[in-house]
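Peer 1: I am sharing start.txt, which consists of compact mmCIF, C-alpha atoms:
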```txt
# COMPACT_ATOMS: atom_id res chain seq x y z
CA MET I 12 -19.03 7.34 16.49
CA HIS I 13 -15.52 8.82 16.71
CA ALA I 14 -13.28 9.49 13.73
CA PHE I 15 -10.16 11.39 12.65
CA VAL I 16 -11.44 14.38 10.67
CA TYR I 17 -9.50 16.67 8.32
CA HIS I 18 -9.98 20.40 8.96
CA GLY I 19 -7.47 21.97 6.57
CA PRO I 20 -3.73 21.64 5.88
CA GLY I 21 -2.05 20.11 8.91
CA GLN I 22 -5.25 20.23 10.95
CA GLY I 23 -7.05 17.08 12.03
CA SER I 24 -8.85 15.97 15.18
CA TRP I 25 -10.26 12.83 16.77
CA GLU I 26 -13.87 13.78 17.36
CA SER I 27 -17.47 12.64 17.52
CA VAL I 28 -19.30 12.45 14.17
CA SER I 29 -22.51 10.89 12.89
CA ASP I 30 -22.53 7.14 12.31
CA PRO I 31 -22.42 6.20 8.61
CA GLY I 32 -25.39 4.38 7.12
CA ILE I 33 -26.40 2.75 3.87
CA GLU I 34 -26.73 5.47 1.21
CA GLN I 35 -26.69 3.37 -1.96
CA PRO I 36 -27.99 -0.19 -2.44
CA THR I 37 -24.42 -1.34 -3.22
CA ASP I 38 -23.03 -0.05 0.11
CA ALA I 39 -21.92 -1.91 3.22
CA VAL I 40 -21.22 -0.54 6.67
CA VAL I 41 -18.17 -2.10 8.33
CA ARG I 42 -17.12 -1.84 11.96
CA VAL I 43 -13.42 -1.02 11.88
CA ASP I 44 -11.35 -3.41 13.99
CA ALA I 45 -7.93 -2.34 12.67
CA THR I 46 -6.67 0.47 10.47
CA THR I 47 -3.41 2.30 9.79
CA VAL I 48 -1.71 5.50 8.60
CA CYS I 49 0.25 5.58 5.34
CA VAL I 50 2.15 8.16 3.29
CA GLY I 51 -1.01 8.92 1.31
CA ASP I 52 -2.78 9.86 4.55
CA LEU I 53 0.10 12.17 5.43
CA HIS I 54 -0.28 13.94 2.07
CA ALA I 55 -4.02 14.28 2.68
CA LEU I 56 -3.54 15.74 6.18
CA GLN I 57 -0.99 18.20 4.83
CA GLY I 58 -3.52 19.48 2.29
CA GLU I 59 -1.69 18.05 -0.71
CA VAL I 60 -4.63 15.98 -2.02
CA SER I 61 -6.98 18.34 -3.85
CA ASP I 62 -10.14 16.24 -3.55
CA VAL I 63 -9.98 15.99 0.25
CA ARG I 64 -12.28 18.64 1.70
CA PRO I 65 -12.46 19.88 5.31
CA GLY I 66 -14.80 17.64 7.29
CA THR I 67 -13.61 14.44 5.57
CA VAL I 68 -12.81 11.40 7.71
CA LEU I 69 -9.34 10.25 6.64
CA GLY I 70 -7.97 6.75 6.05
CA HIS I 71 -8.42 4.11 3.35
CA GLU I 72 -7.18 0.79 4.79
CA ALA I 73 -9.06 -1.39 7.26
CA VAL I 74 -10.23 -4.77 8.45
CA GLY I 75 -13.49 -5.24 10.29
CA GLU I 76 -16.92 -6.84 10.61
CA VAL I 77 -19.80 -6.16 8.23
CA LEU I 78 -22.70 -4.65 10.17
CA ASP I 79 -25.15 -3.83 7.39
CA VAL I 80 -25.47 -4.20 3.62
CA GLY I 81 -27.57 -2.59 0.90
CA ALA I 82 -30.22 -4.41 -1.10
CA GLU I 83 -27.88 -5.00 -4.06
CA VAL I 84 -25.01 -6.50 -2.04
CA HIS I 85 -24.94 -10.29 -2.51
CA ASP I 86 -21.43 -11.57 -1.73
CA ILE I 87 -21.18 -10.55 1.92
CA VAL I 88 -23.61 -10.53 4.84
CA PRO I 89 -23.63 -8.97 8.30
CA GLY I 90 -21.21 -10.82 10.52
CA ASP I 91 -18.58 -11.42 7.83
CA ASP I 92 -15.04 -10.34 8.67
CA VAL I 93 -13.58 -8.47 5.70
CA ILE I 94 -10.56 -6.64 4.35
CA VAL I 95 -11.58 -3.23 3.03
CA SER I 96 -9.77 -2.44 -0.22
CA SER I 97 -8.18 1.01 -0.49
CA ILE I 98 -9.71 1.27 -3.99
CA SER I 99 -13.45 1.03 -4.66
CA SER I 100 -14.57 -0.83 -7.80
CA CYS I 101 -18.00 -0.72 -9.41
CA GLY I 102 -17.17 -4.10 -10.97
CA HIS I 103 -19.02 -3.43 -14.22
CA CYS I 104 -17.24 -0.74 -16.28
CA MET I 105 -14.56 -1.55 -18.85
CA ALA I 106 -11.75 -0.45 -16.52
CA CYS I 107 -12.99 -2.71 -13.73
CA TRP I 108 -13.43 -5.63 -16.16
CA GLN I 109 -9.77 -5.13 -17.08
CA GLY I 110 -8.75 -5.10 -13.40
CA VAL I 111 -7.82 -1.41 -13.44
CA PHE I 112 -10.01 -0.51 -10.49
CA GLY I 113 -8.26 2.79 -9.85
CA GLN I 114 -9.59 4.04 -13.20
CA CYS I 115 -13.21 3.00 -12.53
CA THR I 116 -15.50 5.15 -14.68
CA GLN I 117 -18.73 4.58 -12.74
CA GLY I 118 -17.89 6.38 -9.50
CA GLY I 119 -15.24 4.11 -8.03
CA GLY I 120 -11.48 4.62 -7.61
CA CYS I 121 -9.77 6.40 -4.70
CA LEU I 122 -12.89 7.19 -2.69
CA LEU I 123 -12.26 6.30 0.95
CA GLY I 124 -10.76 9.17 2.90
CA ARG I 125 -11.23 11.45 -0.09
CA GLU I 126 -14.68 11.70 -1.65
CA VAL I 127 -16.36 9.64 1.11
CA GLY I 128 -15.59 9.13 4.78
CA GLY I 129 -12.56 6.97 5.42
CA THR I 130 -11.45 4.16 7.70
CA GLN I 131 -9.79 6.04 10.58
CA ALA I 132 -13.04 5.74 12.49
CA ASP I 133 -15.20 3.35 14.47
CA PHE I 134 -17.28 2.56 11.37
CA VAL I 135 -16.95 3.11 7.61
CA ARG I 136 -19.41 3.06 4.73
CA VAL I 137 -17.88 1.09 1.85
CA PRO I 138 -19.27 1.86 -1.64
CA PHE I 139 -19.56 -0.97 -4.21
CA ALA I 140 -19.12 -3.47 -1.40
CA ASP I 141 -19.37 -6.65 -3.50
CA HIS I 142 -16.23 -5.62 -5.38
CA SER I 143 -14.45 -3.55 -2.72
CA VAL I 144 -14.15 -5.88 0.27
CA HIS I 145 -12.63 -9.35 0.61
CA LYS I 146 -13.56 -11.96 3.18
CA LEU I 147 -10.86 -12.37 5.80
CA PRO I 148 -9.10 -15.72 5.29
CA TYR I 149 -9.52 -18.18 8.12
CA GLY I 150 -6.61 -17.94 10.53
CA MET I 151 -5.22 -14.61 9.30
CA ASP I 152 -5.00 -12.05 12.10
CA ARG I 153 -6.63 -8.68 11.53
CA ASP I 154 -3.46 -6.64 11.94
CA THR I 155 -1.62 -8.50 9.18
CA ALA I 156 -4.74 -8.42 7.01
CA VAL I 157 -4.71 -4.59 7.04
CA LEU I 158 -1.52 -4.79 4.97
CA PHE I 159 -3.59 -6.41 2.20
CA SER I 160 -5.78 -3.31 1.85
CA GLU I 161 -3.05 -1.48 -0.06
CA VAL I 162 0.58 -2.26 0.87
CA THR I 163 0.71 -5.80 -0.48
CA PRO I 164 -1.23 -5.27 -3.74
CA ALA I 165 0.73 -2.05 -4.44
CA ALA I 166 4.00 -3.91 -3.97
CA PHE I 167 2.88 -6.67 -6.32
CA GLU I 168 1.05 -4.70 -8.99
CA LEU I 169 3.37 -1.71 -9.34
CA GLY I 170 6.65 -3.40 -8.44
CA VAL I 171 6.77 -7.14 -9.04
CA ARG I 172 4.21 -7.44 -11.85
CA ASN I 173 5.09 -4.23 -13.69
CA GLY I 174 8.76 -5.05 -13.31
CA LYS I 175 8.15 -8.52 -14.78
CA VAL I 176 10.13 -10.38 -12.12
CA ARG I 177 10.87 -13.87 -13.45
CA PRO I 178 12.88 -16.94 -12.39
CA GLY I 179 16.59 -16.25 -12.50
CA THR I 180 16.33 -12.45 -12.57
CA VAL I 181 18.40 -10.11 -10.43
CA VAL I 182 16.05 -7.75 -8.58
CA VAL I 183 17.06 -4.56 -6.76
CA VAL I 184 14.50 -2.86 -4.50
CA VAL I 185 15.45 0.74 -3.71
CA GLY I 186 13.72 1.71 -0.47
CA ALA I 187 13.10 -0.59 2.48
CA GLY I 188 9.90 0.98 3.74
CA PRO I 189 6.65 -1.02 4.01
CA ILE I 190 5.95 -1.28 0.27
CA GLY I 191 9.60 -1.87 -0.64
CA LEU I 192 9.83 -4.69 1.88
CA ALA I 193 6.56 -6.19 0.68
CA ALA I 194 7.82 -6.04 -2.93
CA MET I 195 11.01 -7.79 -1.88
CA ILE I 196 9.03 -10.58 -0.15
CA ILE I 197 6.56 -11.08 -3.01
CA ALA I 198 9.36 -11.06 -5.61
CA GLY I 199 10.64 -14.17 -3.87
CA ILE I 200 7.69 -16.28 -5.06
CA TYR I 201 9.03 -15.98 -8.64
CA SER I 202 12.40 -17.62 -7.78
CA PRO I 203 14.67 -14.73 -8.76
CA ALA I 204 18.40 -15.39 -8.72
CA ARG I 205 19.00 -12.61 -6.23
CA VAL I 206 16.96 -9.92 -4.44
CA ILE I 207 18.89 -6.92 -3.16
CA SER I 208 17.42 -4.32 -0.80
CA VAL I 209 18.92 -0.82 -0.79
CA ASP I 210 18.22 1.87 1.81
CA LEU I 211 19.98 4.63 3.74
CA SER I 212 18.82 3.25 7.09
CA PRO I 213 20.94 0.46 8.63
CA GLN I 214 17.94 -0.54 10.78
CA ARG I 215 15.72 -0.96 7.73
CA LEU I 216 18.42 -2.98 6.01
CA THR I 217 18.51 -5.25 9.04
CA ALA I 218 14.75 -5.66 8.69
CA ALA I 219 15.17 -6.48 4.99
CA ARG I 220 17.69 -9.22 5.78
CA SER I 221 15.34 -10.72 8.38
CA MET I 222 12.57 -10.80 5.76
CA GLY I 223 14.58 -12.67 3.16
CA ALA I 224 16.78 -10.26 1.20
CA ASP I 225 19.82 -11.98 -0.31
CA ASP I 226 21.74 -8.73 0.18
CA ALA I 227 20.79 -5.53 1.99
CA GLU I 228 23.15 -2.64 1.42
CA LEU I 229 23.64 1.08 1.65
CA PRO I 230 23.99 2.60 -1.83
CA GLY I 231 27.70 1.91 -2.04
CA ARG I 232 30.02 -0.86 -3.21
CA LEU I 233 27.39 -3.41 -4.17
CA ILE I 234 25.49 -0.87 -6.26
CA ALA I 235 28.72 0.33 -7.82
CA ASP I 236 29.49 -3.25 -8.80
CA LEU I 237 26.07 -3.57 -10.44
CA SER I 238 26.46 -0.22 -12.21
CA GLU I 239 29.85 -1.15 -13.60
CA GLY I 240 28.92 -4.77 -14.24
CA PRO I 241 25.95 -6.51 -15.83
CA GLY I 242 23.34 -4.56 -13.84
CA ALA I 243 19.97 -5.65 -12.47
CA ASP I 244 17.22 -7.13 -14.61
CA VAL I 245 14.51 -5.41 -12.54
CA VAL I 246 14.85 -2.33 -10.33
CA ILE I 247 11.88 -1.43 -8.13
CA GLU I 248 11.83 2.20 -6.97
CA ALA I 249 10.04 2.30 -3.61
CA ALA I 250 11.58 5.33 -1.92
CA GLY I 251 10.01 8.21 -3.82
CA SER I 252 12.97 10.56 -4.10
CA SER I 253 14.87 12.03 -7.03
CA ASP I 254 18.12 10.46 -5.82
CA SER I 255 16.53 7.02 -5.51
CA PHE I 256 15.18 7.19 -9.05
CA VAL I 257 18.59 8.23 -10.40
CA LEU I 258 20.10 5.28 -8.54
CA CYS I 259 17.62 2.99 -10.28
CA THR I 260 18.72 4.25 -13.69
CA GLN I 261 22.34 3.57 -12.78
CA VAL I 262 21.95 -0.05 -11.70
CA VAL I 263 19.49 -1.35 -14.31
CA ARG I 264 21.03 -3.45 -17.09
CA SER I 265 20.56 -2.85 -20.79
CA GLY I 266 17.12 -4.14 -21.71
CA GLY I 267 16.04 -4.08 -18.07
CA ARG I 268 13.00 -2.60 -16.36
CA ILE I 269 12.46 0.12 -13.76
CA ALA I 270 9.16 -0.24 -11.89
CA ASN I 271 8.27 2.90 -9.96
CA ILE I 272 6.14 2.57 -6.83
CA GLY I 273 7.35 5.54 -4.75
CA LEU I 274 5.25 8.69 -4.36
CA HIS I 275 7.44 11.49 -5.68
CA GLU I 276 6.81 14.90 -4.12
CA THR I 277 9.24 16.76 -6.40
CA PRO I 278 10.11 16.53 -10.13
CA VAL I 279 12.57 13.84 -11.18
CA SER I 280 15.06 14.26 -14.01
CA LEU I 281 14.72 11.65 -16.73
CA HIS I 282 17.90 11.33 -18.77
CA LEU I 283 16.45 9.79 -21.91
CA GLU I 284 19.68 10.54 -23.77
CA GLN I 285 21.27 7.84 -21.60
CA LEU I 286 18.37 5.48 -20.98
CA SER I 287 17.21 5.18 -24.59
CA ARG I 288 20.55 3.69 -25.57
CA LYS I 289 20.04 0.96 -22.95
CA ASN I 290 16.52 -0.02 -24.11
CA ILE I 291 15.11 0.58 -20.63
CA THR I 292 11.41 0.17 -19.90
CA ILE I 293 9.99 2.39 -17.14
CA SER I 294 6.58 1.77 -15.58
CA THR I 295 4.60 3.77 -13.08
CA GLY I 296 1.01 4.07 -11.90
CA GLN I 297 -1.30 3.77 -8.92
CA VAL I 298 -2.48 0.68 -7.12
CA ASP I 299 -5.69 -0.99 -8.36
CA THR I 300 -5.99 -3.67 -5.62
CA SER I 301 -7.38 -6.09 -8.22
CA SER I 302 -4.75 -8.59 -7.06
CA ILE I 303 -5.92 -8.88 -3.43
CA SER I 304 -7.84 -12.14 -3.86
CA TRP I 305 -5.01 -13.69 -5.88
CA LEU I 306 -2.41 -12.69 -3.29
CA LEU I 307 -4.51 -14.12 -0.46
CA ASP I 308 -4.60 -17.42 -2.38
CA VAL I 309 -0.97 -17.74 -3.48
CA LEU I 310 1.09 -16.33 -0.64
CA THR I 311 2.28 -19.06 1.69
CA PRO I 312 2.08 -18.81 5.48
CA GLU I 313 5.82 -18.08 5.44
CA HIS I 314 5.32 -15.14 3.09
CA VAL I 315 2.42 -13.81 5.18
CA GLU I 316 4.49 -14.14 8.36
CA ALA I 317 7.30 -12.15 6.75
CA ILE I 318 4.85 -9.47 5.64
CA SER I 319 3.45 -9.28 9.18
CA ARG I 320 6.88 -8.09 10.39
CA ILE I 321 6.26 -4.82 8.55
CA ILE I 322 4.08 -3.95 11.54
CA THR I 323 6.32 -2.25 14.09
CA GLN I 324 3.78 -0.67 16.45
CA ARG I 325 0.22 -1.16 17.64
CA ARG I 326 -1.77 1.63 19.29
CA GLU I 327 -5.28 2.58 20.26
CA ILE I 328 -6.86 4.74 17.60
CA GLU I 329 -7.25 7.61 20.06
CA ASP I 330 -3.44 7.96 19.67
CA ILE I 331 -3.82 8.60 15.95
CA ARG I 332 -2.00 11.94 16.02
CA ALA I 333 1.01 10.10 17.43
CA ALA I 334 0.69 7.56 14.61
CA TYR I 335 0.75 10.38 12.04
CA ASP I 336 3.81 11.85 13.73
CA ILE I 337 5.55 8.46 13.70
CA ALA I 338 4.76 8.03 10.00
CA SER I 339 6.07 11.50 9.18
CA ARG I 340 9.40 10.70 10.86
CA ALA I 341 9.58 7.05 9.84
CA THR I 342 13.19 7.15 8.63
CA SER I 343 14.42 8.64 11.91
CA THR I 344 12.21 6.53 14.20
CA ASN I 345 12.87 3.25 12.32
CA ALA I 346 9.10 2.76 12.19
CA LEU I 347 7.51 0.81 9.38
CA ARG I 348 3.75 0.54 9.89
CA THR I 349 1.57 1.31 12.93
CA ILE I 350 -1.72 -0.54 13.32
CA LEU I 351 -4.53 1.29 15.12
CA HIS I 352 -7.35 -0.37 17.05
CA PRO I 353 -10.66 1.34 17.85
CA GLY I 354 -11.75 1.02 21.47
CA HIS I 355 -14.74 -1.23 20.76
CA LYS I 356 -12.46 -4.18 19.95
```
Would you mind writing the file's structure down as structure tokens?

Peer 2:
Amino acid sequence: MHAFVYHGPGQGSWESVSDPGIEQPTDAVVRVDATTVCVGDLHALQGEVSDVRPGTVLGHEAVGEVLDVGAEVHDIVPGDDVIVSSISSCGHCMACWQGVFGQCTQGGGCLLGREVGGTQADFVRVPFADHSVHKLPYGMDRDTAVLFSEVTPAAFELGVRNGKVRPGTVVVVVGAGPIGLAAMIIAGIYSPARVISVDLSPQRLTAARSMGADDAELPGRLIADLSEGPGADVVIEAAGSSDSFVLCTQVVRSGGRIANIGLHETPVSLHLEQLSRKNITISTGQVDTSSISWLLDVLTPEHVEAISRIITQRREIEDIRAAYDIASRATSTNALRTILHPGHK
């Protein structure tokens, strides 16, 4: 098969490699029909993820058809179309029983594209398949379904759920990238009083308005009004910069919550001398993807259609270096998410 292989910081190539096969009885082999490139993949390619070794196939999000399963896989069979979760779950340890798949103690967690070959390939071996893939819902297109591998559960788990969005709350989402937009859309199912999207890109703010934001603003007058007024009940940080986090601390109300999703590449100052007086709760963490099945059940066709608009480009997977370049310059290219299709489909 062909795959995108990491060869050291900044070095990756689309090349021929051996086909994956069943190595453990809980494995499945999936033919990749659609995959994508995210910020985490960029960090891996740049050599910033310590457990990614040269020779690793990158990528951790995909949708495809099951080709083969191990002897201990019972919930899927060859021929099933599935969403491959970005997090692998053994399904039996205490962490997995609690839905914290990212902390799996029996060999699961962030495996794909790190400790095992990833999804930017023609085929992928998925460990712990019974608990790490989800059957593709009837009628959902594969491209949109890729966004349920990580983007949608991350937006819900780290943003909406951790932030405790409730009916009547004022929600501010700082950052209108893929996860910020998904958080904004999913927050809407809880009937908040108002959802406000904040970003530095006018084009992304336009996208936020088209996806249902009540307001979409540059960090200016509206945010100043919130800072000087009652503030937001929930602020979701989805930009991953020091300035964006500081902005969150300015607009949250006393007793409010800041839910951090963004991947921060540099230290962020935490002014506890100010925040402690406001009784602020701050949450952070990594995605577990334990909410994928629930999200597939509860999101309406209208929500799914809005989420599908996060896809801004589709390319053949042979153009994967271009997809990485687009992702690295997303704020200047106005790109959100590029879906890649292997040539066999």

Peer 1: To one decimal in Å, tell me the separation between CA of Gly231 in chain I and CA of Leu169 in chain I.

Peer 2: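 These two atoms are separated by 25.7 Å.
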
Peer 1: Record the distance separating CA of Thr163 in chain I and CA of Leu307 in chain I, expressed in Å with one decimal.

Peer 2: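 Interatomic distance, CA of Thr163 in chain I to CA of Leu307 in chain I: 9.8 Å.
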
Peer 1: With range 269-280 of chain I as the partner and 12 Å as the cut-off, tabulate the residues of range 233-262 of chain I that qualify, each row holding the nearest pair of atoms and their distance in Å to one decimal, using all atoms listed in the file, sorted by chain and rising number, as JSON lines.

Peer 2:
```
{"residue": "I:Gly242", "atom": "CA", "partner": "I:Ile269", "partner_atom": "CA", "distance": 11.8}
{"residue": "I:Ala243", "atom": "CA", "partner": "I:Ile269", "partner_atom": "CA", "distance": 9.6}
{"residue": "I:Asp244", "atom": "CA", "partner": "I:Ile269", "partner_atom": "CA", "distance": 8.7}
{"residue": "I:Val245", "atom": "CA", "partner": "I:Ile269", "partner_atom": "CA", "distance": 6.0}
{"residue": "I:Val246", "atom": "CA", "partner": "I:Ile269", "partner_atom": "CA", "distance": 4.8}
{"residue": "I:Ile247", "atom": "CA", "partner": "I:Ala270", "partner_atom": "CA", "distance": 4.8}
{"residue": "I:Glu248", "atom": "CA", "partner": "I:Asn271", "partner_atom": "CA", "distance": 4.7}
{"residue": "I:Ala249", "atom": "CA", "partner": "I:Gly273", "partner_atom": "CA", "distance": 4.4}
{"residue": "I:Ala250", "atom": "CA", "partner": "I:Gly273", "partner_atom": "CA", "distance": 5.1}
{"residue": "I:Gly251", "atom": "CA", "partner": "I:Gly273", "partner_atom": "CA", "distance": 3.9}
{"residue": "I:Ser252", "atom": "CA", "partner": "I:His275", "partner_atom": "CA", "distance": 5.8}
{"residue": "I:Ser253", "atom": "CA", "partner": "I:Val279", "partner_atom": "CA", "distance": 5.1}
{"residue": "I:Asp254", "atom": "CA", "partner": "I:Val279", "partner_atom": "CA", "distance": 8.4}
{"residue": "I:Ser255", "atom": "CA", "partner": "I:Gly273", "partner_atom": "CA", "distance": 9.3}
{"residue": "I:Phe256", "atom": "CA", "partner": "I:Val279", "partner_atom": "CA", "distance": 7.5}
{"residue": "I:Val257", "atom": "CA", "partner": "I:Ser280", "partner_atom": "CA", "distance": 7.9}
{"residue": "I:Leu258", "atom": "CA", "partner": "I:Ile269", "partner_atom": "CA", "distance": 10.6}
{"residue": "I:Cys259", "atom": "CA", "partner": "I:Ile269", "partner_atom": "CA", "distance": 6.9}
{"residue": "I:Thr260", "atom": "CA", "partner": "I:Ile269", "partner_atom": "CA", "distance": 7.5}
{"residue": "I:Gln261", "atom": "CA", "partner": "I:Ile269", "partner_atom": "CA", "distance": 10.5}
{"residue": "I:Val262", "atom": "CA", "partner": "I:Ile269", "partner_atom": "CA", "distance": 9.7}
```

Peer 1: Give me, as a Markdown table, the closest atom pair and its distance (Å, one decimal) for every residue of range 156-266 of chain I within a cut-off of 12 Å of range 349-355 of chain I, counting all atoms listed in the file, rows sorted by chain and rising number.

Peer 2:
```
| residue | atom | partner | partner_atom | distance |
| --- | --- | --- | --- | --- |
| I:Ala156 | CA | I:Ile350 | CA | 10.5 |
| I:Val157 | CA | I:Ile350 | CA | 8.0 |
| I:Leu158 | CA | I:Ile350 | CA | 9.4 |
| I:Pro189 | CA | I:Thr349 | CA | 10.5 |
```

Peer 1: At a cut-off of 12 Å, using only C-alpha atoms, what residues contact range 114-118 of chain I? Leave out same-chain residues fewer than 2 positions from it and give the result as a ChimeraX atom specification.

Peer 2: /I:35,37,98-112,120-123,126-127,138-139,142-143,296-301

Peer 1: For Trp305 in chain I, which residue out of I:Ile234, I:Phe167, I:Arg320, I:Glu284 is the nearest one, using all atoms listed in the file?

Peer 2: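 Of all the options, I:Phe167 lies closest to Trp305 in chain I.
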
Peer 1: With all atoms listed in the file as the counted atoms, please give the residues lying no more than 10 Å from Pro178 in chain I, apart from itself and same-chain residues fewer than 3 positions off, as a PyMOL selection string.

Peer 2: chain I and resi 175+181+198-205

Peer 1: Please compute the CA of Ile318 in chain I-CA of Ala227 in chain I distance, one decimal, in Å.

Peer 2: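 That distance, rounded to one decimal, is 16.8 Å.
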
Peer 1: Do a neighbour search on Thr67 in chain I at 8 Å with only C-alpha atoms, toss out local chain neighbours closer than 3 positions, and write the hits as a ChimeraX atom specification.

Peer 2: /I:16-18,63-64,124-129

Peer 1: If we count all atoms listed in the file and set the cut-off at 10 Å, which residues sit around Ile303 in chain I, ignoring sequence neighbours fewer than 4 positions away in its own chain? Please answer as a short mmCIF file (atom, residue, chain, number, x, y, z; two decimals) with C-alpha atoms, in the frame of the given file.

Peer 2:
```cif
data_model
loop_
_atom_site.label_atom_id
_atom_site.label_comp_id
_atom_site.auth_asym_id
_atom_site.auth_seq_id
_atom_site.Cartn_x
_atom_site.Cartn_y
_atom_site.Cartn_z
CA ILE I 94 -10.56 -6.64 4.35
CA SER I 96 -9.77 -2.44 -0.22
CA VAL I 144 -14.15 -5.88 0.27
CA HIS I 145 -12.63 -9.35 0.61
CA PHE I 159 -3.59 -6.41 2.20
CA SER I 160 -5.78 -3.31 1.85
CA GLU I 161 -3.05 -1.48 -0.06
CA THR I 163 0.71 -5.80 -0.48
CA PRO I 164 -1.23 -5.27 -3.74
CA ALA I 165 0.73 -2.05 -4.44
CA PHE I 167 2.88 -6.67 -6.32
CA GLU I 168 1.05 -4.70 -8.99
CA ASP I 299 -5.69 -0.99 -8.36
CA LEU I 307 -4.51 -14.12 -0.46
CA ASP I 308 -4.60 -17.42 -2.38
#
```
